[in-house]
Amino acid sequence: MTADTAATMAVREPSLARDLIALTKPRIISLLLLTTLAPMFVAGTPSWAVILWTGIGGYLMAGGANAVNMYLDRDIDHVMARTRLRPIPSGRMAARAVLAFGVAIATAATWLLGHYVNVLTAALALSGFYFYVFVYTQWLKRTTPQNIVLGGAAGAFPPLVGWAAVNGRVDLASIYLFLIIFYWTPPHFWALALIKQHDYGRAGVPMAPNIWGEHETIDQMLWYTVLLIGLTVLPVTFGVFGTFYLASALVLGGILLQGVWRIRALAARGELWTAAAWKVYKFSLLYLALLFVAMAVDRHI
Amino acid sequence: MPVPVPVPLLFWICITLVVVAQLLILRSTVRAMRASSSASARRTIEWAYAVVPMVVLAVVLVATWQASRDHGTRQDMEARANQTSAS
């Protein structure tokens with residue numbers, strides 16, 4: 001064994017700390033944090049303390065929701081290749097310990113946000129937690145192919161949290177940021193669901209491609225993308241954003257639409273669309289990140 | 001930075017896109033529900049799931065129309081005030 005191999009194995013070896021971090025799904029949270037923090041710069045000029053506490057509180061709340069989600073989904077996580085290596089199905093952590101960890105960090109987040117930011121911010125973050133855990137994971141996920149559509153609301157809370165942290169209220173502009181994420185979720189997640197549909201089928205999760213079929217799902221991805229482009233431009237019409245944001249929204253929306261259109265064209269011709277769906281899935285992450293950065297930049301130029 | 005496109009035109013283009021896309025989503029959902037062999041009680045729930053976002057969106061669009069009109073009025077008043085002070 002070379003020194004390099006030993007070092008790599010040491011890095012990848014499971015540890016409690018690494019498992020606790022994995023329970024919070026840090027890669028997903030990075031986008032949630034961006035969609036929390038960028039709206040703060042749209043809402044006004046936040047102090048460093050408010051940015052810091054909102055960031056920490058937001059991470060802990062989302063992390064807590066993700067950990068509780070892993071507890072609730074422990075019966076299907078071992079069935080799906082995508083989730084088989086998570087701490088519970090792989091046997092590295094006890095289910096109850098995961099639940100306790102999730103509830104503990106979400107409780108800490110509620111206190112931190114309520115104490116150091118404001119009560120509305122804490123209430124909105126906690127609403128996002130409850131929506132994700134009870135409405136999406138426990139209710140919608142296993143009962144309807146529209147799980148992703150309505151469940152998208154859970155991931156749409158972060159901009160409301162960021163906005164309320166600065167302004168202490170929720171207004172039309174912040175509701176638009178919520179709606180943008182809500183309507184972005186179906187084309188984003190269905191691109192992944194199309195690729196992983198057999199995995200979801202084995203686990204008994206009624207994702208749209210499994211229930212409605214590929215054709216109907218791809219059609220809806222297209223209409224959701226068109227709707228999303230319209231929604232991203234509408235805040236310009238009541239003076240929230242200007243030319244820089246408008247151009248960014250149109251260019252990014254155009255690229256996303258082209259990607260979804262390509263999946264549809266390939267599927268219509270009976271050709272392999274998996275690579276195109278992966279591209280849409282990955283680009284949709286970049287799309288949302290860049291759109292929210294463009295919002296913050298637009299307000300300060 | 002002000003946008004180089006007439007705001008009312010932009011507003012109505014976006015509203016058209018949003019409304020048409022939402023109706024096509026509803027049509028596609030209804031088509032998918034009819035094709036599946038689910039019980040009628042299940043279909044009613046699926047209907048509700050499809051309609052709830054539409055209702056929320058409609059309320060937001062009405063609020064946007066009012067906000068957009070107010071924004072236009074404010075811009076007109078500012079332009080008139082600037083003209084008066086210049087002359």
# chains A, B, ... in the order shown; residues from 1 in each chain; ligands from 1
>>> residues_around(residues="Ala21 of chain B", least_positions_apart="4", cutoff="12 Å", atoms="only C-alpha atoms", output="list of chain:residue names")
A:Tyr183, A:Asp219, A:Gln220, A:Met221, A:Leu222, A:Trp223, A:Tyr224, A:Thr225, A:Val226, A:Leu227, A:Leu228, A:Ile229, A:Gly230, A:Leu231, B:Cys14, B:Ile15, B:Thr16, B:Leu17, B:Ile25, B:Leu26, B:Arg27, B:Ser28, B:Met54, B:Leu57
>>> closest_atom_pairs(of="chain B", to="chain A", cutoff="9 Å", atoms="only C-alpha atoms", output="JSON lines")
{"residue": "B:Met1", "atom": "CA", "partner": "A:Gly242", "partner_atom": "CA", "distance": 5.1}
{"residue": "B:Pro2", "atom": "CA", "partner": "A:Gly242", "partner_atom": "CA", "distance": 5.5}
{"residue": "B:Val3", "atom": "CA", "partner": "A:Thr243", "partner_atom": "CA", "distance": 4.8}
{"residue": "B:Pro4", "atom": "CA", "partner": "A:Thr243", "partner_atom": "CA", "distance": 7.2}
{"residue": "B:Val7", "atom": "CA", "partner": "A:Thr237", "partner_atom": "CA", "distance": 5.5}
{"residue": "B:Pro8", "atom": "CA", "partner": "A:Thr237", "partner_atom": "CA", "distance": 7.4}
{"residue": "B:Leu10", "atom": "CA", "partner": "A:Thr237", "partner_atom": "CA", "distance": 7.0}
{"residue": "B:Phe11", "atom": "CA", "partner": "A:Thr237", "partner_atom": "CA", "distance": 5.9}
{"residue": "B:Ile13", "atom": "CA", "partner": "A:Gly230", "partner_atom": "CA", "distance": 7.9}
{"residue": "B:Cys14", "atom": "CA", "partner": "A:Gly230", "partner_atom": "CA", "distance": 4.5}
{"residue": "B:Ile15", "atom": "CA", "partner": "A:Gly230", "partner_atom": "CA", "distance": 6.9}
{"residue": "B:Thr16", "atom": "CA", "partner": "A:Gly230", "partner_atom": "CA", "distance": 8.3}
{"residue": "B:Leu17", "atom": "CA", "partner": "A:Gly230", "partner_atom": "CA", "distance": 5.8}
{"residue": "B:Val18", "atom": "CA", "partner": "A:Leu227", "partner_atom": "CA", "distance": 4.6}
{"residue": "B:Val19", "atom": "CA", "partner": "A:Leu227", "partner_atom": "CA", "distance": 7.8}
{"residue": "B:Val20", "atom": "CA", "partner": "A:Leu227", "partner_atom": "CA", "distance": 8.2}
{"residue": "B:Ala21", "atom": "CA", "partner": "A:Trp223", "partner_atom": "CA", "distance": 5.0}
{"residue": "B:Gln22", "atom": "CA", "partner": "A:Leu227", "partner_atom": "CA", "distance": 6.8}
{"residue": "B:Leu24", "atom": "CA", "partner": "A:Trp223", "partner_atom": "CA", "distance": 6.7}
{"residue": "B:Ile25", "atom": "CA", "partner": "A:Gln220", "partner_atom": "CA", "distance": 5.8}
{"residue": "B:Ser28", "atom": "CA", "partner": "A:Glu216", "partner_atom": "CA", "distance": 6.6}
{"residue": "B:Thr29", "atom": "CA", "partner": "A:Glu216", "partner_atom": "CA", "distance": 8.1}
{"residue": "B:Arg31", "atom": "CA", "partner": "A:Glu216", "partner_atom": "CA", "distance": 8.5}
{"residue": "B:Ala32", "atom": "CA", "partner": "A:Trp212", "partner_atom": "CA", "distance": 5.4}
{"residue": "B:Met33", "atom": "CA", "partner": "A:Trp212", "partner_atom": "CA", "distance": 7.7}
{"residue": "B:Ala35", "atom": "CA", "partner": "A:Trp212", "partner_atom": "CA", "distance": 7.9}
{"residue": "B:Ser36", "atom": "CA", "partner": "A:Trp212", "partner_atom": "CA", "distance": 7.4}
{"residue": "B:Glu46", "atom": "CA", "partner": "A:Thr144", "partner_atom": "CA", "distance": 7.3}
{"residue": "B:Tyr49", "atom": "CA", "partner": "A:Gln146", "partner_atom": "CA", "distance": 7.1}
{"residue": "B:Ala50", "atom": "CA", "partner": "A:Gln146", "partner_atom": "CA", "distance": 7.8}
{"residue": "B:Val52", "atom": "CA", "partner": "A:Leu150", "partner_atom": "CA", "distance": 8.9}
{"residue": "B:Pro53", "atom": "CA", "partner": "A:Leu150", "partner_atom": "CA", "distance": 7.8}
{"residue": "B:Leu57", "atom": "CA", "partner": "A:Leu179", "partner_atom": "CA", "distance": 8.4}
{"residue": "B:Val60", "atom": "CA", "partner": "A:Leu172", "partner_atom": "CA", "distance": 7.8}
{"residue": "B:Ala63", "atom": "CA", "partner": "A:Leu172", "partner_atom": "CA", "distance": 7.6}
{"residue": "B:Thr64", "atom": "CA", "partner": "A:Phe238", "partner_atom": "CA", "distance": 7.2}
{"residue": "B:Trp65", "atom": "CA", "partner": "A:Phe238", "partner_atom": "CA", "distance": 8.4}
{"residue": "B:Gln66", "atom": "CA", "partner": "A:Phe238", "partner_atom": "CA", "distance": 8.9}
{"residue": "B:Ala67", "atom": "CA", "partner": "A:Phe238", "partner_atom": "CA", "distance": 5.7}
{"residue": "B:Ser68", "atom": "CA", "partner": "A:Phe238", "partner_atom": "CA", "distance": 4.3}
{"residue": "B:Arg69", "atom": "CA", "partner": "A:Phe238", "partner_atom": "CA", "distance": 7.7}
{"residue": "B:Asp70", "atom": "CA", "partner": "A:Phe238", "partner_atom": "CA", "distance": 7.8}
{"residue": "B:His71", "atom": "CA", "partner": "A:Phe238", "partner_atom": "CA", "distance": 5.4}
{"residue": "B:Gly72", "atom": "CA", "partner": "A:Phe238", "partner_atom": "CA", "distance": 7.7}
>>> closest_residue(among="B:Val62, B:Val55, B:Ala86, B:Met77", to="Leu23 of chain B", atoms="only C-alpha atoms")
B:Val55
>>> select_by_dssp(residues="segment 16-157 of chain A", states="helix (DSSP H, G or I)", output="PyMOL selection string")
chain A and resi 16-23+26-43+48-72+74-77+95-116+119-140+147-155+157
>>> closest_residue(among="A:Val117, A:Trp53, A:Val133, A:Phe189", to="Gly152 of chain A", atoms="only C-alpha atoms")
A:Phe189
>>> residues_around(residues="segment 21-34 of chain A", least_positions_apart="2", cutoff="8 Å", atoms="only C-alpha atoms", output="list in words")
Ala17, Arg18, Asp19, Thr36, Leu37, Ala38, Gly55, Gly58, Tyr59, Leu60, Ala62, Gly63, Gly64, Ala65, Asn66, Ala67, Met70, Arg86, Pro87, Val98, Gly155, Pro158, Leu285, Ala289 and Phe292 of chain A
>>> decode(residues="segment 247-258 of chain A", atoms="all heavy atoms", output="tab-separated table (two decimals), in the first residue's frame")
chain	number	residue	atom	x	y	z
A	247	ALA	N	-31.67	40.67	-18.18
A	247	ALA	CA	-30.84	39.97	-19.18
A	247	ALA	C	-30.40	38.61	-18.64
A	247	ALA	O	-30.44	37.60	-19.37
A	247	ALA	CB	-29.63	40.84	-19.52
A	248	SER	N	-29.98	38.57	-17.38
A	248	SER	CA	-29.53	37.29	-16.78
A	248	SER	C	-30.66	36.27	-16.77
A	248	SER	O	-30.46	35.09	-17.12
A	248	SER	CB	-29.06	37.51	-15.34
A	248	SER	OG	-28.11	38.53	-15.30
A	249	ALA	N	-31.87	36.72	-16.34
A	249	ALA	CA	-33.01	35.80	-16.26
A	249	ALA	C	-33.36	35.24	-17.64
A	249	ALA	O	-33.67	34.04	-17.76
A	249	ALA	CB	-34.21	36.52	-15.66
A	250	LEU	N	-33.30	36.11	-18.67
A	250	LEU	CA	-33.67	35.65	-20.01
A	250	LEU	C	-32.62	34.69	-20.58
A	250	LEU	O	-32.97	33.66	-21.18
A	250	LEU	CB	-33.86	36.85	-20.94
A	250	LEU	CG	-35.12	37.69	-20.67
A	250	LEU	CD1	-35.15	38.93	-21.55
A	250	LEU	CD2	-36.39	36.87	-20.87
A	251	VAL	N	-31.33	35.01	-20.38
A	251	VAL	CA	-30.27	34.14	-20.91
A	251	VAL	C	-30.30	32.78	-20.20
A	251	VAL	O	-30.31	31.72	-20.85
A	251	VAL	CB	-28.88	34.81	-20.76
A	251	VAL	CG1	-27.76	33.82	-21.07
A	251	VAL	CG2	-28.79	36.03	-21.68
A	252	LEU	N	-30.34	32.81	-18.85
A	252	LEU	CA	-30.35	31.55	-18.08
A	252	LEU	C	-31.60	30.73	-18.40
A	252	LEU	O	-31.52	29.52	-18.59
A	252	LEU	CB	-30.28	31.85	-16.58
A	252	LEU	CG	-28.94	32.40	-16.07
A	252	LEU	CD1	-29.09	32.95	-14.65
A	252	LEU	CD2	-27.86	31.34	-16.12
A	253	GLY	N	-32.74	31.41	-18.46
A	253	GLY	CA	-34.00	30.72	-18.77
A	253	GLY	C	-33.95	30.12	-20.17
A	253	GLY	O	-34.44	29.00	-20.39
A	254	GLY	N	-33.36	30.84	-21.10
A	254	GLY	CA	-33.24	30.36	-22.48
A	254	GLY	C	-32.41	29.08	-22.55
A	254	GLY	O	-32.77	28.12	-23.25
A	255	ILE	N	-31.30	29.05	-21.79
A	255	ILE	CA	-30.43	27.86	-21.79
A	255	ILE	C	-31.18	26.66	-21.18
A	255	ILE	O	-31.13	25.54	-21.70
A	255	ILE	CB	-29.10	28.13	-21.03
A	255	ILE	CG1	-28.32	29.25	-21.73
A	255	ILE	CG2	-28.26	26.86	-20.96
A	255	ILE	CD1	-27.12	29.74	-20.94
A	256	LEU	N	-31.89	26.93	-20.08
A	256	LEU	CA	-32.64	25.84	-19.42
A	256	LEU	C	-33.73	25.30	-20.36
A	256	LEU	O	-33.90	24.08	-20.50
A	256	LEU	CB	-33.27	26.36	-18.11
A	256	LEU	CG	-33.96	25.31	-17.24
A	256	LEU	CD1	-32.98	24.26	-16.73
A	256	LEU	CD2	-34.66	25.97	-16.04
A	257	LEU	N	-34.43	26.23	-21.00
A	257	LEU	CA	-35.50	25.83	-21.92
A	257	LEU	C	-34.95	25.00	-23.08
A	257	LEU	O	-35.55	23.98	-23.47
A	257	LEU	CB	-36.21	27.09	-22.46
A	257	LEU	CG	-37.44	26.85	-23.33
A	257	LEU	CD1	-38.56	26.20	-22.54
A	257	LEU	CD2	-37.94	28.18	-23.92
A	258	GLN	N	-33.79	25.42	-23.59
A	258	GLN	CA	-33.16	24.68	-24.70
A	258	GLN	C	-32.82	23.25	-24.26
A	258	GLN	O	-33.01	22.29	-25.02
A	258	GLN	CB	-31.90	25.43	-25.12
A	258	GLN	CG	-31.28	24.94	-26.40
A	258	GLN	CD	-29.92	25.56	-26.65
A	258	GLN	OE1	-29.22	25.94	-25.71
A	258	GLN	NE2	-29.56	25.68	-27.90
